[in-house]
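File shown here: my_file15.txt, holding compact mmCIF, C-alpha atoms and all ligand atoms.
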```txt
# COMPACT_ATOMS: atom_id res chain seq x y z
CA MET Z 7 157.36 -54.63 -171.08
CA TYR Z 8 157.82 -55.97 -167.55
CA ASP Z 9 157.55 -52.92 -165.30
CA VAL Z 10 159.08 -53.89 -161.97
CA LYS Z 11 158.40 -50.45 -160.44
CA LEU Z 12 154.70 -50.83 -161.15
CA VAL Z 13 154.72 -54.41 -159.85
CA ARG Z 14 156.27 -53.26 -156.56
CA GLU Z 15 153.28 -51.00 -155.91
CA ASP Z 16 151.16 -54.12 -155.41
CA PHE Z 17 153.30 -55.14 -152.41
CA PRO Z 18 152.77 -52.67 -149.52
CA ILE Z 19 155.49 -54.25 -147.36
CA LEU Z 20 158.18 -53.31 -149.88
CA SER Z 21 157.89 -49.65 -148.93
CA ARG Z 22 158.70 -50.39 -145.28
CA GLU Z 23 161.88 -49.22 -143.63
CA ILE Z 24 163.97 -51.48 -141.37
CA TYR Z 25 166.32 -49.73 -138.93
CA GLY Z 26 165.65 -46.53 -140.87
CA LYS Z 27 166.79 -48.11 -144.17
CA PRO Z 28 164.60 -49.10 -147.10
CA LEU Z 29 163.77 -52.80 -146.90
CA VAL Z 30 165.71 -54.95 -149.38
CA TYR Z 31 163.90 -58.26 -149.16
CA LEU Z 32 166.08 -61.06 -150.51
CA ASP Z 33 164.69 -64.00 -148.55
CA ASN Z 34 162.13 -65.06 -151.11
CA GLY Z 35 163.24 -68.70 -151.03
CA ALA Z 36 161.89 -68.83 -147.48
CA THR Z 37 158.66 -67.03 -148.32
CA THR Z 38 157.49 -64.37 -150.74
CA GLN Z 39 155.61 -61.17 -149.95
CA LYS Z 40 151.92 -60.92 -150.80
CA PRO Z 41 150.30 -58.58 -153.30
CA ARG Z 42 147.22 -56.60 -152.27
CA GLN Z 43 145.12 -58.66 -154.68
CA VAL Z 44 145.71 -61.78 -152.57
CA VAL Z 45 145.20 -60.22 -149.14
CA GLU Z 46 142.12 -58.26 -150.21
CA ALA Z 47 140.48 -61.33 -151.76
CA MET Z 48 140.97 -63.22 -148.49
CA VAL Z 49 139.63 -60.36 -146.38
CA ASP Z 50 136.64 -60.14 -148.69
CA GLU Z 51 135.94 -63.85 -148.33
CA TYR Z 52 136.06 -63.66 -144.51
CA TYR Z 53 133.86 -60.54 -144.47
CA ASN Z 54 131.31 -61.56 -147.07
CA VAL Z 55 131.31 -65.25 -147.93
CA ASN Z 56 132.66 -67.28 -145.02
CA ALA Z 57 131.04 -70.70 -144.48
CA ASN Z 58 132.33 -74.26 -144.35
CA VAL Z 59 132.74 -75.93 -147.74
CA HIS Z 60 131.16 -79.11 -149.15
CA ARG Z 61 128.82 -79.33 -146.16
CA GLY Z 62 125.93 -76.91 -146.40
CA VAL Z 63 122.92 -76.52 -148.62
CA HIS Z 64 122.79 -72.86 -147.71
CA PHE Z 65 123.86 -70.06 -150.03
CA LEU Z 66 127.12 -69.08 -148.29
CA SER Z 67 128.37 -72.65 -148.07
CA GLN Z 68 127.72 -73.15 -151.75
CA GLN Z 69 129.44 -69.89 -152.61
CA ALA Z 70 132.48 -70.78 -150.48
CA THR Z 71 132.55 -74.25 -152.07
CA ASP Z 72 132.46 -72.72 -155.55
CA LEU Z 73 135.42 -70.47 -154.69
CA HIS Z 74 137.33 -73.42 -153.21
CA GLU Z 75 136.76 -75.63 -156.24
CA ALA Z 76 137.54 -72.76 -158.61
CA SER Z 77 140.88 -72.56 -156.81
CA ARG Z 78 141.52 -76.22 -157.55
CA GLU Z 79 140.85 -75.48 -161.21
CA ALA Z 80 143.26 -72.50 -161.02
CA VAL Z 81 145.98 -74.80 -159.66
CA ARG Z 82 145.22 -77.39 -162.35
CA GLN Z 83 145.70 -74.78 -165.03
CA PHE Z 84 148.83 -73.35 -163.39
CA ILE Z 85 150.68 -76.68 -163.37
CA HIS Z 86 148.94 -77.97 -166.50
CA ALA Z 87 147.50 -81.07 -164.87
CA ARG Z 88 145.02 -83.18 -166.82
CA SER Z 89 142.26 -83.26 -164.24
CA MET Z 90 141.08 -81.57 -161.04
CA SER Z 91 141.00 -84.95 -159.32
CA GLU Z 92 144.78 -84.90 -159.47
CA ILE Z 93 145.03 -81.75 -157.32
CA VAL Z 94 145.12 -82.43 -153.58
CA PHE Z 95 145.16 -79.43 -151.25
CA THR Z 96 147.56 -79.73 -148.32
CA ARG Z 97 149.18 -77.32 -145.86
CA GLY Z 98 152.33 -77.00 -147.97
CA THR Z 99 155.15 -78.89 -149.65
CA THR Z 100 156.11 -80.55 -146.37
CA GLU Z 101 152.64 -81.96 -145.81
CA SER Z 102 152.37 -82.97 -149.47
CA ILE Z 103 155.54 -85.06 -149.19
CA ASN Z 104 154.56 -86.53 -145.82
CA LEU Z 105 151.20 -87.52 -147.28
CA LEU Z 106 152.87 -89.20 -150.24
CA ALA Z 107 155.62 -90.89 -148.23
CA PHE Z 108 153.02 -92.36 -145.87
CA SER Z 109 150.45 -93.46 -148.44
CA PHE Z 110 152.93 -94.61 -151.06
CA GLY Z 111 154.95 -96.40 -148.38
CA GLU Z 112 151.86 -98.20 -147.06
CA ALA Z 113 150.82 -99.46 -150.47
CA MET Z 114 154.00 -99.88 -152.45
CA VAL Z 115 157.09 -100.30 -150.27
CA HIS Z 116 158.27 -103.51 -148.62
CA ALA Z 117 161.36 -104.73 -146.78
CA GLY Z 118 164.43 -104.67 -149.02
CA ASP Z 119 162.99 -102.04 -151.41
CA GLU Z 120 164.88 -98.86 -152.22
CA VAL Z 121 163.93 -95.17 -152.34
CA LEU Z 122 166.18 -92.70 -154.15
CA VAL Z 123 166.57 -89.05 -153.15
CA SER Z 124 169.13 -86.53 -154.36
CA VAL Z 125 171.91 -85.18 -152.16
CA MET Z 126 170.56 -81.63 -152.56
CA GLU Z 127 167.12 -82.28 -151.08
CA HIS Z 128 165.50 -80.11 -148.42
CA HIS Z 129 164.83 -81.98 -145.15
CA SER Z 130 161.15 -82.12 -146.23
CA ASN Z 131 162.12 -84.45 -149.05
CA ILE Z 132 164.47 -86.55 -146.91
CA VAL Z 133 162.98 -87.10 -143.47
CA PRO Z 134 159.48 -88.33 -144.49
CA TRP Z 135 161.15 -90.93 -146.75
CA GLN Z 136 163.61 -91.86 -144.04
CA MET Z 137 160.75 -92.38 -141.57
CA MET Z 138 158.85 -94.49 -144.09
CA CYS Z 139 161.94 -96.58 -144.95
CA GLU Z 140 162.52 -97.24 -141.27
CA ARG Z 141 158.91 -98.34 -140.85
CA LYS Z 142 159.04 -100.59 -143.87
CA GLY Z 143 162.59 -101.92 -143.64
CA ALA Z 144 163.48 -100.25 -146.93
CA GLN Z 145 166.70 -98.46 -147.82
CA LEU Z 146 167.16 -94.76 -148.62
CA ARG Z 147 169.84 -94.20 -151.27
CA VAL Z 148 171.37 -90.87 -152.26
CA ILE Z 149 171.89 -89.64 -155.83
CA PRO Z 150 175.18 -87.71 -155.80
CA MET Z 151 176.09 -84.39 -157.45
CA SER Z 152 179.22 -82.87 -158.98
CA ASP Z 153 181.26 -80.17 -157.22
CA GLU Z 154 179.45 -77.61 -159.41
CA GLY Z 155 176.17 -78.76 -157.87
CA GLU Z 156 174.81 -80.71 -160.84
CA LEU Z 157 172.97 -83.96 -160.33
CA GLN Z 158 174.98 -86.98 -161.56
CA LEU Z 159 172.62 -88.69 -163.95
CA ASP Z 160 175.13 -91.42 -164.79
CA ALA Z 161 175.16 -92.36 -161.10
CA LEU Z 162 171.35 -92.40 -161.06
CA GLU Z 163 171.41 -94.71 -164.07
CA GLY Z 164 173.52 -97.17 -162.09
CA MET Z 165 171.35 -96.91 -158.96
CA LEU Z 166 167.99 -97.67 -160.57
CA ASN Z 167 167.12 -101.35 -160.32
CA GLU Z 168 164.23 -103.76 -159.74
CA ARG Z 169 164.17 -102.86 -156.02
CA THR Z 170 163.71 -99.09 -156.66
CA ARG Z 171 160.20 -97.99 -155.68
CA ILE Z 172 160.32 -94.21 -156.15
CA VAL Z 173 162.73 -91.39 -157.06
CA CYS Z 174 162.37 -88.06 -155.21
CA CYS Z 175 164.10 -85.01 -156.57
CA THR Z 176 163.84 -81.26 -156.24
CA GLN Z 177 163.38 -79.26 -159.44
CA VAL Z 178 165.37 -76.32 -158.03
CA SER Z 179 167.78 -76.54 -155.10
CA ASN Z 180 166.92 -74.05 -152.34
CA VAL Z 181 170.64 -73.74 -151.56
CA LEU Z 182 172.54 -74.03 -154.85
CA GLY Z 183 169.94 -72.67 -157.23
CA THR Z 184 170.61 -75.66 -159.48
CA VAL Z 185 167.77 -76.38 -161.89
CA ASN Z 186 167.71 -80.17 -162.10
CA PRO Z 187 166.89 -81.97 -165.37
CA VAL Z 188 163.82 -83.58 -163.84
CA LYS Z 189 162.37 -84.47 -167.24
CA GLU Z 190 165.47 -86.57 -167.85
CA VAL Z 191 165.22 -88.10 -164.36
CA VAL Z 192 161.59 -89.06 -165.08
CA LYS Z 193 162.54 -90.69 -168.39
CA MET Z 194 165.28 -92.72 -166.72
CA ALA Z 195 163.07 -93.83 -163.81
CA HIS Z 196 160.15 -94.71 -166.08
CA LYS Z 197 162.35 -97.16 -168.00
CA TRP Z 198 162.24 -99.19 -164.78
CA GLY Z 199 158.54 -98.44 -164.20
CA VAL Z 200 159.54 -96.29 -161.21
CA PRO Z 201 157.48 -93.15 -160.38
CA VAL Z 202 159.07 -89.77 -159.67
CA LEU Z 203 158.14 -87.11 -157.12
CA VAL Z 204 159.30 -83.63 -158.08
CA ASP Z 205 159.65 -81.15 -155.21
CA GLY Z 206 158.50 -77.94 -156.84
CA ALA Z 207 158.73 -75.67 -153.78
CA GLN Z 208 161.48 -73.58 -155.38
CA SER Z 209 160.50 -73.99 -159.03
CA ALA Z 210 156.79 -73.19 -159.10
CA PRO Z 211 157.40 -69.49 -158.21
CA HIS Z 212 159.98 -69.01 -160.96
CA MET Z 213 159.12 -70.95 -164.10
CA VAL Z 214 156.31 -72.44 -166.13
CA VAL Z 215 155.45 -75.82 -164.62
CA ASP Z 216 153.87 -78.38 -166.90
CA VAL Z 217 153.46 -81.67 -165.06
CA GLN Z 218 152.23 -83.40 -168.21
CA ASP Z 219 155.28 -82.30 -170.15
CA LEU Z 220 157.61 -83.33 -167.28
CA ASP Z 221 155.59 -86.55 -167.11
CA CYS Z 222 156.35 -86.65 -163.37
CA ASP Z 223 154.05 -88.82 -161.28
CA PHE Z 224 153.87 -86.47 -158.30
CA PHE Z 225 154.61 -82.76 -157.84
CA ALA Z 226 154.53 -80.77 -154.60
CA PHE Z 227 154.60 -77.02 -153.95
CA SER Z 228 153.71 -74.41 -151.31
CA GLY Z 229 151.33 -71.48 -151.71
CA HIS Z 230 153.37 -69.09 -149.60
CA LYS Z 231 156.37 -69.25 -151.93
CA VAL Z 232 154.19 -68.33 -154.94
CA TYR Z 233 152.93 -65.04 -153.42
CA GLY Z 234 149.97 -66.84 -151.85
CA PRO Z 235 149.04 -67.30 -148.19
CA THR Z 236 150.72 -69.57 -145.69
CA GLY Z 237 149.08 -72.83 -144.70
CA VAL Z 238 148.15 -74.06 -148.15
CA GLY Z 239 150.00 -76.21 -150.63
CA VAL Z 240 149.42 -78.79 -153.30
CA LEU Z 241 150.19 -82.40 -154.03
CA TYR Z 242 149.68 -83.27 -157.66
CA GLY Z 243 149.52 -86.96 -158.44
CA LYS Z 244 148.66 -88.83 -161.60
CA GLU Z 245 145.18 -90.23 -161.17
CA THR Z 246 146.38 -93.77 -161.86
CA TRP Z 247 148.75 -93.51 -158.89
CA LEU Z 248 146.44 -91.65 -156.50
CA GLU Z 249 143.70 -94.25 -157.12
CA GLN Z 250 146.03 -96.97 -155.82
CA LEU Z 251 147.11 -95.18 -152.63
CA PRO Z 252 145.35 -95.35 -149.26
CA PRO Z 253 144.25 -92.18 -147.41
CA TYR Z 254 146.76 -90.31 -145.26
CA GLN Z 255 144.41 -89.07 -142.54
CA GLY Z 256 140.91 -90.08 -141.53
CA GLY Z 257 138.03 -87.77 -140.71
CA GLY Z 258 135.26 -85.78 -142.34
CA GLU Z 259 135.23 -85.16 -146.07
CA MET Z 260 137.46 -88.13 -147.01
CA ILE Z 261 134.72 -90.72 -146.51
CA GLN Z 262 131.96 -92.13 -148.66
CA LYS Z 263 130.21 -94.20 -145.98
CA VAL Z 264 131.07 -94.89 -142.34
CA THR Z 265 129.74 -97.82 -140.33
CA TRP Z 266 131.16 -99.42 -137.19
CA GLU Z 267 132.31 -102.32 -139.29
CA ARG Z 268 133.90 -100.51 -142.17
CA THR Z 269 134.48 -97.17 -143.88
CA THR Z 270 134.61 -96.58 -147.61
CA TYR Z 271 136.49 -93.61 -148.97
CA ASN Z 272 135.51 -90.62 -151.05
CA GLN Z 273 136.52 -90.16 -154.67
CA LEU Z 274 139.69 -88.29 -155.69
CA PRO Z 275 140.95 -85.88 -154.60
CA TYR Z 276 138.78 -85.77 -151.43
CA LYS Z 277 140.08 -89.14 -150.25
CA PHE Z 278 143.25 -87.28 -149.28
CA GLU Z 279 141.59 -84.19 -147.78
CA ALA Z 280 140.33 -85.06 -144.29
CA GLY Z 281 138.75 -82.26 -142.27
CA THR Z 282 137.83 -78.67 -143.07
CA PRO Z 283 140.30 -77.35 -145.62
CA ASP Z 284 141.76 -73.86 -145.39
CA TYR Z 285 139.29 -72.69 -148.02
CA VAL Z 286 140.13 -69.01 -147.56
CA ALA Z 287 143.79 -69.81 -148.19
CA THR Z 288 142.98 -71.85 -151.30
CA HIS Z 289 141.08 -68.80 -152.60
CA GLY Z 290 144.11 -66.64 -151.78
CA LEU Z 291 146.33 -69.10 -153.61
CA ALA Z 292 144.11 -68.92 -156.69
CA LYS Z 293 144.40 -65.12 -156.61
CA ALA Z 294 148.18 -65.40 -156.35
CA LEU Z 295 148.33 -67.75 -159.33
CA GLU Z 296 146.03 -65.39 -161.22
CA TYR Z 297 148.40 -62.55 -160.31
CA VAL Z 298 151.59 -64.25 -161.57
CA SER Z 299 149.82 -65.61 -164.63
CA ALA Z 300 148.66 -62.10 -165.56
CA LEU Z 301 152.28 -60.90 -165.33
CA GLY Z 302 153.28 -63.99 -167.31
CA MET Z 303 155.48 -66.73 -165.87
CA GLU Z 304 157.81 -66.37 -168.89
CA ASN Z 305 158.20 -62.63 -168.18
CA ILE Z 306 158.85 -63.32 -164.49
CA GLU Z 307 161.46 -65.91 -165.41
CA THR Z 308 163.19 -63.54 -167.86
CA HIS Z 309 163.26 -60.76 -165.25
CA GLU Z 310 164.61 -63.02 -162.50
CA GLN Z 311 167.16 -64.70 -164.76
CA ALA Z 312 168.57 -61.30 -165.76
CA LEU Z 313 168.69 -60.30 -162.10
CA THR Z 314 170.43 -63.54 -161.11
CA ARG Z 315 173.04 -63.17 -163.87
CA TYR Z 316 173.66 -59.58 -162.77
CA ALA Z 317 173.94 -60.63 -159.11
CA LEU Z 318 176.30 -63.52 -159.91
CA LYS Z 319 178.54 -61.13 -161.84
CA ARG Z 320 178.53 -58.38 -159.22
CA LEU Z 321 178.93 -60.74 -156.26
CA GLY Z 322 181.75 -62.52 -158.11
CA GLU Z 323 183.71 -59.24 -158.13
CA ILE Z 324 183.84 -59.12 -154.32
CA GLU Z 325 187.19 -60.11 -152.82
CA GLY Z 326 187.04 -63.41 -150.94
CA MET Z 327 183.63 -64.29 -152.41
CA GLN Z 328 182.85 -68.00 -152.63
CA ILE Z 329 179.63 -68.92 -154.40
CA PHE Z 330 178.15 -72.38 -153.84
CA GLY Z 331 176.38 -73.82 -156.85
CA LYS Z 332 177.84 -73.29 -160.29
CA ALA Z 333 175.38 -75.30 -162.34
CA ASN Z 334 174.73 -74.20 -165.90
CA GLU Z 335 171.03 -74.03 -165.22
CA HIS Z 336 170.83 -71.65 -162.26
CA ASP Z 337 167.68 -70.25 -160.71
CA ALA Z 338 167.13 -67.13 -158.59
CA VAL Z 339 168.97 -68.43 -155.49
CA ILE Z 340 172.59 -67.57 -154.65
CA SER Z 341 174.44 -69.06 -151.66
CA PHE Z 342 177.77 -67.65 -150.64
CA LEU Z 343 180.44 -67.04 -148.00
CA VAL Z 344 182.92 -64.17 -147.91
CA GLY Z 345 186.46 -64.78 -146.64
CA ASN Z 346 186.15 -66.29 -143.18
CA ILE Z 347 183.22 -64.12 -142.11
CA HIS Z 348 180.68 -66.35 -140.37
CA HIS Z 349 177.37 -66.58 -142.22
CA LEU Z 350 175.45 -65.50 -139.10
CA ASP Z 351 177.60 -62.37 -138.69
CA MET Z 352 177.11 -61.49 -142.33
CA GLY Z 353 173.34 -62.00 -142.08
CA THR Z 354 173.01 -59.97 -138.89
CA LEU Z 355 175.07 -57.06 -140.18
CA LEU Z 356 173.24 -57.01 -143.51
CA ASP Z 357 169.98 -56.96 -141.56
CA HIS Z 358 171.08 -53.75 -139.86
CA LEU Z 359 171.41 -52.25 -143.33
CA GLY Z 360 167.80 -53.23 -144.07
CA ILE Z 361 168.82 -56.24 -146.18
CA ALA Z 362 166.98 -59.49 -145.41
CA VAL Z 363 168.89 -62.64 -146.42
CA ARG Z 364 168.79 -66.14 -144.99
CA THR Z 365 171.72 -67.74 -143.18
CA GLY Z 366 172.44 -71.25 -141.92
CA HIS Z 367 171.99 -74.74 -143.34
CA HIS Z 368 168.72 -73.90 -145.11
CA CYS Z 369 167.14 -77.17 -143.94
CA ALA Z 370 169.62 -79.10 -146.06
CA GLU Z 371 172.15 -80.45 -143.58
CA PRO Z 372 173.28 -83.44 -145.69
CA LEU Z 373 174.03 -81.02 -148.54
CA MET Z 374 176.06 -78.80 -146.19
CA ARG Z 375 178.06 -81.88 -145.22
CA ARG Z 376 178.64 -82.65 -148.91
CA LEU Z 377 179.91 -79.08 -149.39
CA GLY Z 378 182.06 -79.36 -146.25
CA ILE Z 379 180.54 -76.27 -144.61
CA GLU Z 380 178.14 -75.47 -141.77
CA GLY Z 381 176.05 -72.91 -143.56
CA THR Z 382 175.91 -70.12 -146.10
CA VAL Z 383 174.40 -66.71 -146.62
CA ARG Z 384 171.61 -66.95 -149.18
CA ALA Z 385 170.07 -64.25 -151.34
CA SER Z 386 166.97 -65.36 -153.20
CA PHE Z 387 165.11 -63.19 -155.68
CA ALA Z 388 161.49 -62.68 -156.61
CA LEU Z 389 159.49 -60.97 -159.31
CA TYR Z 390 159.67 -57.59 -157.49
CA ASN Z 391 163.43 -57.40 -156.89
CA THR Z 392 165.55 -54.87 -158.77
CA THR Z 393 169.15 -54.39 -159.88
CA GLU Z 394 169.31 -51.48 -157.38
CA GLU Z 395 168.61 -54.01 -154.63
CA VAL Z 396 171.42 -56.25 -155.91
CA ASP Z 397 173.68 -53.17 -155.80
CA ALA Z 398 172.57 -52.54 -152.21
CA LEU Z 399 173.44 -56.13 -151.32
CA VAL Z 400 176.89 -55.82 -152.92
CA GLU Z 401 177.51 -52.50 -151.16
CA GLY Z 402 176.31 -54.03 -147.88
CA ILE Z 403 178.65 -57.02 -148.20
CA GLU Z 404 181.56 -54.66 -148.99
CA GLN Z 405 180.72 -52.67 -145.88
CA VAL Z 406 180.69 -55.80 -143.71
CA ARG Z 407 183.94 -56.98 -145.31
CA ARG Z 408 185.61 -53.67 -144.46
CA MET Z 409 184.47 -54.06 -140.83
CA PHE Z 410 186.26 -57.38 -140.61
N1 LIG J 1 162.41 -73.99 -147.98
C1 LIG J 1 163.86 -72.12 -147.51
O1 LIG J 1 164.14 -71.07 -146.94
P1 LIG J 1 157.27 -75.68 -146.71
O2 LIG J 1 157.99 -75.29 -145.46
O3 LIG J 1 156.46 -76.93 -146.53
O4 LIG J 1 156.50 -74.57 -147.33
O5 LIG J 1 158.40 -76.01 -147.81
C2 LIG J 1 159.39 -76.96 -147.54
C3 LIG J 1 160.40 -77.00 -148.65
C4 LIG J 1 160.48 -78.13 -149.44
N2 LIG J 1 161.35 -78.20 -150.46
C5 LIG J 1 162.18 -77.19 -150.76
C6 LIG J 1 163.09 -77.32 -151.93
C7 LIG J 1 162.15 -76.02 -150.00
O6 LIG J 1 162.97 -75.03 -150.31
C8 LIG J 1 161.25 -75.92 -148.91
C9 LIG J 1 161.23 -74.72 -148.02
C10 LIG J 1 162.49 -72.73 -147.29
O7 LIG J 1 164.63 -72.69 -148.28
C11 LIG J 1 162.17 -72.80 -145.84
S1 LIG J 1 163.18 -73.95 -144.97
```
As structure tokens:
Amino acid sequence: MYDVKLVREDFPILSREIYGKPLVYLDNGATTQKPRQVVEAMVDEYYNVNANVHRGVHFLSQQATDLHEASREAVRQFIHARSMSEIVFTRGTTESINLLAFSFGEAMVHAGDEVLVSVMEHHSNIVPWQMMCERKGAQLRVIPMSDEGELQLDALEGMLNERTRIVCCTQVSNVLGTVNPVKEVVKMAHKWGVPVLVDGAQSAPHMVVDVQDLDCDFFAFSGHKVYGPTGVGVLYGKETWLEQLPPYQGGGEMIQKVTWERTTYNQLPYKFEAGTPDYVATHGLAKALEYVSALGMENIETHEQALTRYALKRLGEIEGMQIFGKANEHDAVISFLVGNIHHLDMGTLLDHLGIAVRTGHHCAEPLMRRLGIEGTVRASFALYNTTEEVDALVEGIEQVRRMF
């Protein structure tokens, strides 16, 4: 039995009041709250273990290194990667994609080549590719979607060709909640020998991720959206690909030998990890993954799916409600507008009722243009949200609607 009341006790912030009202935190797509287990493990490391990793022969350095590398193993298990050399620690999804766009671009992309991204990508999975295409004289092409917010695979089929170098696609849209058929996308791209990057920022917190089953070539996610600390993320890459790519940044740790004439690079994954890593954050991330794994990703998914279905039904009953994203496969993200109430007004008034939602373009301006709007209000759920909180959101929206 998934006991959400018990789970909530692990998150001290959830018992806060905002403007004298109990906090209803529905901005989990932006970042999730942290359980005690994560924060306490990090405090413990700073108090009792702290030392730089991979550098010292002394006890503390070795202990910190062991924790850091155990975290890599925890990530490997969480996304079901084949080997620890395929797990590169970064600062987050954004840095993971920038790393890949730079390195992949340097090695694999030439003038006249094409890079495919979907219309529902976050800016993090658009701009780095745009910058690289500009540098290389390549072309960025956009995979369209239906009005329901489903990726058009038939269009993708027609876009793949001998000039395509990589396909970049989010597994879950941070605006529409669409769960994209990335396994299908991978199969289609692989027929042309084209690798696929899956942006897992919004999927890793909500579902079992198995990169070997997806057969994707690259996968990126952020620690802070999976109940872990800020400042740490992951780029997974198949070893065969990572071996072929040049480093992203130079510095300590990523080298094998440095002379004035020439530098040789470290083995995977260290070739991509220049400088002191945020080893306390990687430990925190491991604790977060341990936490969700103990609850069971399947149980979390079942809980959140039930909550999303309930919210879609209840929100749908509100007069003037327009929900964006009607895909069959829908994750725990709901974007909406009510009548002609501006999204910012709705967000601000809900905030005064203690309800935290996100408003605006959600870092997906091209998608907003496709939808013909400037922004939406977005409620996004996590493992600790309850049906009572959905009711509070519905009641809050009704209250705002009455004011207008
Ligand atoms: N989306 C949201 O409120 P970072 O900032 O690097 O941790 O994650 C970037 C990112 C990449 N891809 C997707 C699909 C995302 O949703 C995000 C972050 C947050 O929707 C903050 S803008």
Which centre and which edge lengths, in Å to one decimal, describe the axis-aligned box that holds all listed atoms of range 197-207 of chain Z after 4 Å is added on each side, as lines of an AutoDock Vina configuration file?
```
center_x = 159.9
center_y = -87.4
center_z = -160.9
size_x = 12.9
size_y = 31.5
size_z = 22.2
```
### Message
For a test of reading the model, state the distance in Å between CA of Ala36 in chain Z and CA of Met303 in chain Z, rounded to one decimal.
### Response
19.6 Å
### Task
Name all residues at most 12 Å from Gln136 in chain Z (count all atoms listed in the file; drop same-chain ones fewer than 3 positions away) and give them as a PyMOL selection string.
chain Z and resi 103-104+107-108+111+120-123+129-133+139-148+174
### Query
What residues have any atom no more than 8 Å from ligand LIG 1 (chain J) when counting only C-alpha atoms and all ligand atoms, and can you list them as JSON, numbers by chain?
{"Z": [33, 34, 35, 36, 37, 97, 98, 99, 100, 101, 102, 127, 128, 129, 130, 131, 176, 177, 178, 179, 180, 181, 205, 206, 207, 208, 227, 228, 229, 230, 231, 236, 239, 364, 368, 369]}
Just-selected residues, C-alpha atoms written as a PDB file, keeping the file's coordinate frame:
```
ATOM      1  CA  ASP Z  33     164.690 -64.000-148.550  1.00  0.00           C
ATOM      2  CA  ASN Z  34     162.130 -65.060-151.110  1.00  0.00           C
ATOM      3  CA  GLY Z  35     163.240 -68.700-151.030  1.00  0.00           C
ATOM      4  CA  ALA Z  36     161.890 -68.830-147.480  1.00  0.00           C
ATOM      5  CA  THR Z  37     158.660 -67.030-148.320  1.00  0.00           C
ATOM      6  CA  ARG Z  97     149.180 -77.320-145.860  1.00  0.00           C
ATOM      7  CA  GLY Z  98     152.330 -77.000-147.970  1.00  0.00           C
ATOM      8  CA  THR Z  99     155.150 -78.890-149.650  1.00  0.00           C
ATOM      9  CA  THR Z 100     156.110 -80.550-146.370  1.00  0.00           C
ATOM     10  CA  GLU Z 101     152.640 -81.960-145.810  1.00  0.00           C
ATOM     11  CA  SER Z 102     152.370 -82.970-149.470  1.00  0.00           C
ATOM     12  CA  GLU Z 127     167.120 -82.280-151.080  1.00  0.00           C
ATOM     13  CA  HIS Z 128     165.500 -80.110-148.420  1.00  0.00           C
ATOM     14  CA  HIS Z 129     164.830 -81.980-145.150  1.00  0.00           C
ATOM     15  CA  SER Z 130     161.150 -82.120-146.230  1.00  0.00           C
ATOM     16  CA  ASN Z 131     162.120 -84.450-149.050  1.00  0.00           C
ATOM     17  CA  THR Z 176     163.840 -81.260-156.240  1.00  0.00           C
ATOM     18  CA  GLN Z 177     163.380 -79.260-159.440  1.00  0.00           C
ATOM     19  CA  VAL Z 178     165.370 -76.320-158.030  1.00  0.00           C
ATOM     20  CA  SER Z 179     167.780 -76.540-155.100  1.00  0.00           C
ATOM     21  CA  ASN Z 180     166.920 -74.050-152.340  1.00  0.00           C
ATOM     22  CA  VAL Z 181     170.640 -73.740-151.560  1.00  0.00           C
ATOM     23  CA  ASP Z 205     159.650 -81.150-155.210  1.00  0.00           C
ATOM     24  CA  GLY Z 206     158.500 -77.940-156.840  1.00  0.00           C
ATOM     25  CA  ALA Z 207     158.730 -75.670-153.780  1.00  0.00           C
ATOM     26  CA  GLN Z 208     161.480 -73.580-155.380  1.00  0.00           C
ATOM     27  CA  PHE Z 227     154.600 -77.020-153.950  1.00  0.00           C
ATOM     28  CA  SER Z 228     153.710 -74.410-151.310  1.00  0.00           C
ATOM     29  CA  GLY Z 229     151.330 -71.480-151.710  1.00  0.00           C
ATOM     30  CA  HIS Z 230     153.370 -69.090-149.600  1.00  0.00           C
ATOM     31  CA  LYS Z 231     156.370 -69.250-151.930  1.00  0.00           C
ATOM     32  CA  THR Z 236     150.720 -69.570-145.690  1.00  0.00           C
ATOM     33  CA  GLY Z 239     150.000 -76.210-150.630  1.00  0.00           C
ATOM     34  CA  ARG Z 364     168.790 -66.140-144.990  1.00  0.00           C
ATOM     35  CA  HIS Z 368     168.720 -73.900-145.110  1.00  0.00           C
ATOM     36  CA  CYS Z 369     167.140 -77.170-143.940  1.00  0.00           C
TER      37      CYS Z 369
END
```
### Query
Any idea what the distance is between CA of Met48 in chain Z and CA of Asp284 in chain Z?
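Rounded to one decimal, the two atoms are 11.1 Å apart.
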List as JSON lines every residue of range 100-134 of chain Z that is in contact with range 248-271 of chain Z, defined as an atom at most 8 Å from one of its atoms (using only C-alpha atoms), together with the nearest atom pair and the distance in Å rounded to one decimal, sorted by chain and then rising number.
```
{"residue": "Z:Leu105", "atom": "CA", "partner": "Z:Tyr254", "partner_atom": "CA", "distance": 5.6}
{"residue": "Z:Leu106", "atom": "CA", "partner": "Z:Tyr254", "partner_atom": "CA", "distance": 8.0}
{"residue": "Z:Phe108", "atom": "CA", "partner": "Z:Tyr254", "partner_atom": "CA", "distance": 6.6}
{"residue": "Z:Ser109", "atom": "CA", "partner": "Z:Pro252", "partner_atom": "CA", "distance": 5.5}
{"residue": "Z:Phe110", "atom": "CA", "partner": "Z:Leu251", "partner_atom": "CA", "distance": 6.1}
{"residue": "Z:Glu112", "atom": "CA", "partner": "Z:Pro252", "partner_atom": "CA", "distance": 7.4}
{"residue": "Z:Ala113", "atom": "CA", "partner": "Z:Leu251", "partner_atom": "CA", "distance": 6.1}
```
### Task
Determine the nearest neighbour of Glu75 in chain Z from the options Z:Tyr52, Z:Tyr25, Z:Phe95, Z:Phe278, counting only C-alpha atoms.
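Of the candidates, the smallest distance to Glu75 in chain Z is held by Z:Phe95.
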